Each structure stands twice: as structure tokens, then as C-alpha cells.
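Structure first, then comments.
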Amino acid sequence: MSEILVLVDHVDGEVKKVTLELLTLANRLGDAAAVWVGAGYEGSKEKLAEYGAKKVYLAADEELTSYVVAPKAALLAQLAQDRGAAAVLVAATGEGKEIAGRLAVKLGTGVLTDVVDVAEGFVAEHSIFGGAIVAHAKVKEGTPVIAVRPNSIAPEAAPATPAEEQVSVALSDTDKAARIVERVVEEKGERPDLTEAAIVVSGGRGVGSAENFKIIEGLADSLGAAVGASRAATDAGWYPHQFQVGQTGKTVSPQLYIAAGISGAIQHRAGMQTSKTIVAINKDAEAPIFELVDFGVVGDLFQIVPQLTEEINKR
Ligand code: FAD
């Protein structure tokens, strides 16, 4: 089977869930080969093996992580050419998309972004115009470079025993043009990461104030969930922007998404409509969010959310 390169997305050695999704997808299309750049592999190798990495290309050289995206694109280009990879998969994050673009230029091939699935023959399904349109596309020549949206594929454990191979790449002056001077790690807090959480509880304009977001946090904590917010809530300064869900915020696809006081604008849907089960609490029975929910509660969130929290806490 042909090799599908998967760029591992990790923060200081902790593998992001999206990488497990990419490995699952890669094994459907061929043989998943993980490409690890930077330190921390030892602590994560079991995870990669558990999710089916048949091969791991290891580039632990500090220099590759000292510069912004260019070295990763250079390494992937070299591997794709030398090994004749059938495709390269990266996460459709800010960094992943930039790497994908650079890589496609280096390989003289095409790039597909915001992909939510890939079928046989590397036909990619991707979500465009904020999720309003689903398009199918294929790279006509060369190695396809595909940026896959986090939370689009359900990761499946498929234990493998990966062969490890140390690799390196010679960097050009251009690759070294932008150096990383400082890394600031986002404060994670006690709650799960928004994009990786199994349950997300989001609040919108209906929540009314920053103070009132405690009600949303209370429900989230009773469920072990992450907290999200609509743009109306983040723009009003009621909740930090990093928790915004939607077209210009984070994309989430949890098992359960609870939207309280959110109308369901297309830009909000774009970030949550692939959630497995959607519940909305809204006092307006005509709110568009009710068009896509599995369960809808028409009522005042200030009554319903605390009651729900109390009931869950009793169990
Ligand atoms: P509203 O639309 O005002 O809805 C509030 C809802 O709360 C109403 O349905 C109301 O009935 C309900 N409500 C009020 N009080 C209560 C109560 N006591 N109990 C129960 N329900 C109550 N939006 C995003 O969310 N994410 C994005 O990433 C995003 N990106 C955008 C990008 C662009 C380019 C543009 C133009 C817009 C973007 N928006 C985004 C904004 C989007 O269009 C909406 O304005 C926004 O999602 C509305 O937020 P909301 O649903 O919280 O507020």
C-alpha cells in the first residue's frame, strides 16, 4: 500500500486529537506514516502506535522547531518526493494550512483545505462558505496536499508497530527567514480543550453578561464539558475570544453540543453543525437554531440551565 504522510500536531510532545483523526483517515487511504518534528516523541510514541502509525519519520533536530512553518514544509516536501508518498495530510489549523500551501508550491501540486472527509481516489469533501456548501474536489496532478478540519473524522484505535526512521533536512536561508522568539502557552484551566472536548456548553447573547456566564460554566462543569461562546458574547467582552465557536472562531464537533441563548446564525453553525447531538435552549421557538437540533427546549435559560445543572449534579 502506498504511504500517506501525516504531520503530527503536538504541543511540547502532547499529541493533539486531530493527529489521531488524520492517522485513522490515512489508514483508510493507504498506510499511515507519521512525521514527527521536534522534541517529546518518546512520551507520545505509544499513542501514535495505538492509532495505527505504520511508520514514524522522526526529525528531532531543534533547528526545525526554531523557525516558523517553512522547515516543516521543507521536510514534508523532501519526504513526499523521496518516498513517493501518495498524499500528505495536515490539520486544517492556521499553521497546518500555511504548511499545506507552501508544501503544494514546493511539490508543484494542488492543495485542498477545510476538508471534512477523503474518499477513494483522494476525492476530498470540503466544507466551504462557512459550511453552507459541501464540495468535492481532487488534485489532478502530483501528490495531493490535504488539510483536514479537526473533529471531522472519528479517531479509531488500530494498534500498529511503527518502524522508526530518523530524518533531517537541509534548510535554506529562506526557510530560516522567520525565527520563533517566544512561545506563549494558552492557559488551559481545569476544563477540557474546546476543540477536543466530548461535550461543549456554549452561551450567546441571551446570557446577557459576563457575570451570567457562571451559569454556563456551572452546567459545563457538571458535565465535565468545555465552555464555548457565540461571537455576540465574545464581542461584548462577556467571554474570552479564544472560546468563540464559529466561522471566525473554533470548529468543534463534540458528542454533545448545548447552545444556550444562541440564535443559530450561519456563522455560528459553521463551527458546530457537525456535533453528534445538538441541544438548544432558547426562549424564541422560531430561533433558527431549532432547525438543526436533536433536542430543543423553548424556555428561559436562566430557569432551565440551573435546573439542568442541579439535576446532573444529583446523579
Ligand atoms: P443573537 O443572534 O442575538 O441571538 C440571541 C438568542 O438568545 C436569541 O435567539 C434569543 O431568542 C435568545 N435569548 C435571549 N434571551 C434568552 C433567555 N433568557 N433564554 C433563552 N434564550 C434567550 N458568530 C459566531 O457565533 N461565531 C463566529 O465565528 C462568527 N463569525 C462571523 C463572521 C462574520 C464575517 C460575520 C458577518 C458574522 C459572524 N458571526 C459569528 C456573527 C453571527 O452572524 C451572529 O451575529 C452571532 O452568531 C449571534 O450570536 P448569538 O446567537 O449569541 O446572538
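A note on labels: chains of the C-alpha cells are A, B, ... as shown, every chain counts residues from 1, and ligands are counted from 1 in their shown order.
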
May I ask you to write as a list in words all residues lying at most 6 Å from ligand 1, with only C-alpha atoms and all ligand atoms counted?
Gly204, Arg205, Gly206, Ser230, Arg231, Ala232, Ala233, Val245, Gly246, Gln247, Thr248, Gly249, Gly261, Ile262, Ser263, Gly264, Ala265, Gln267, His268, Ile281, Asn282, Lys283, Asp284, Ala287, Gly299, Asp300, Leu301 and Phe302 of chain A

Write the selection just made, keeping C-alpha atoms, as a PDB file, in the first residue's frame?
```pdb
ATOM      1  CA  GLY A 204     -24.737  33.507  23.446  1.00  0.00           C
ATOM      2  CA  ARG A 205     -26.204  36.977  23.638  1.00  0.00           C
ATOM      3  CA  GLY A 206     -29.122  35.543  25.585  1.00  0.00           C
ATOM      4  CA  SER A 230     -21.082  32.892  20.234  1.00  0.00           C
ATOM      5  CA  ARG A 231     -19.401  35.879  18.660  1.00  0.00           C
ATOM      6  CA  ALA A 232     -22.074  38.162  20.092  1.00  0.00           C
ATOM      7  CA  ALA A 233     -20.926  37.068  23.556  1.00  0.00           C
ATOM      8  CA  VAL A 245     -17.251  28.915  18.210  1.00  0.00           C
ATOM      9  CA  GLY A 246     -17.963  29.521  14.538  1.00  0.00           C
ATOM     10  CA  GLN A 247     -16.650  30.623  11.194  1.00  0.00           C
ATOM     11  CA  THR A 248     -14.202  33.113  12.681  1.00  0.00           C
ATOM     12  CA  GLY A 249     -13.703  31.117  15.863  1.00  0.00           C
ATOM     13  CA  GLY A 261     -29.249  31.761  24.278  1.00  0.00           C
ATOM     14  CA  ILE A 262     -27.771  31.359  20.781  1.00  0.00           C
ATOM     15  CA  SER A 263     -29.932  32.095  17.727  1.00  0.00           C
ATOM     16  CA  GLY A 264     -28.066  29.804  15.312  1.00  0.00           C
ATOM     17  CA  ALA A 265     -26.661  32.233  12.730  1.00  0.00           C
ATOM     18  CA  GLN A 267     -21.533  31.764  11.006  1.00  0.00           C
ATOM     19  CA  HIS A 268     -22.111  30.056  14.354  1.00  0.00           C
ATOM     20  CA  ILE A 281     -32.208  26.240  24.937  1.00  0.00           C
ATOM     21  CA  ASN A 282     -33.853  29.365  23.558  1.00  0.00           C
ATOM     22  CA  LYS A 283     -36.896  31.350  24.593  1.00  0.00           C
ATOM     23  CA  ASP A 284     -37.845  32.028  20.964  1.00  0.00           C
ATOM     24  CA  ALA A 287     -34.978  30.741  16.520  1.00  0.00           C
ATOM     25  CA  GLY A 299     -37.726  28.489  27.553  1.00  0.00           C
ATOM     26  CA  ASP A 300     -35.728  30.900  29.634  1.00  0.00           C
ATOM     27  CA  LEU A 301     -32.140  29.765  30.035  1.00  0.00           C
ATOM     28  CA  PHE A 302     -31.972  31.369  33.483  1.00  0.00           C
TER      29      PHE A 302
END
```

For Ala33 in chain A: contacts at 7 Å, only C-alpha atoms, fewer than 5 positions along chain excluded, given as a PyMOL selection string
chain A and resi 3-6+53-56

Write out, as CSV, each residue of range 95-209 of chain A that has an atom at most 6 Å from range 57-64 of chain A, together with the closest pair of atoms and their distance in Å to one decimal, counting only C-alpha atoms, rows going by chain and rising number.
```
residue,atom,partner,partner_atom,distance
A:Glu165,CA,A:Tyr57,CA,5.0
A:Gln166,CA,A:Leu58,CA,4.7
A:Val167,CA,A:Ala59,CA,5.2
A:Ser168,CA,A:Ala59,CA,5.7
```

Leaving out Ile180 in chain A and any residue of its chain fewer than 4 positions from it, which residues lie within 9 Å of it when counting only C-alpha atoms, given as a ChimeraX atom specification?
/A:65-68

Same residues, C-alpha atoms, output as a PDB file, in the first residue's frame:
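Output contents, as saved in part_25.pdb:
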```
ATOM      1  CA  THR A  65      11.316  23.915  15.508  1.00  0.00           C
ATOM      2  CA  SER A  66      13.239  27.170  15.946  1.00  0.00           C
ATOM      3  CA  TYR A  67      11.748  28.654  12.807  1.00  0.00           C
ATOM      4  CA  VAL A  68       8.170  29.280  11.758  1.00  0.00           C
TER       5      VAL A  68
END
```

Those of range 43-265 of chain A in DSSP strand (DSSP E), formatted as an MDAnalysis selection string:
chainID A and resid 55:59 87:91 111:119 123:128 133:137 145:148 163:166 199:203 226:229 256:260

Distance of CA of Ser202 in chain A from CA of Ala280 in chain A, expressed in Å to one decimal place:
9.5 Å
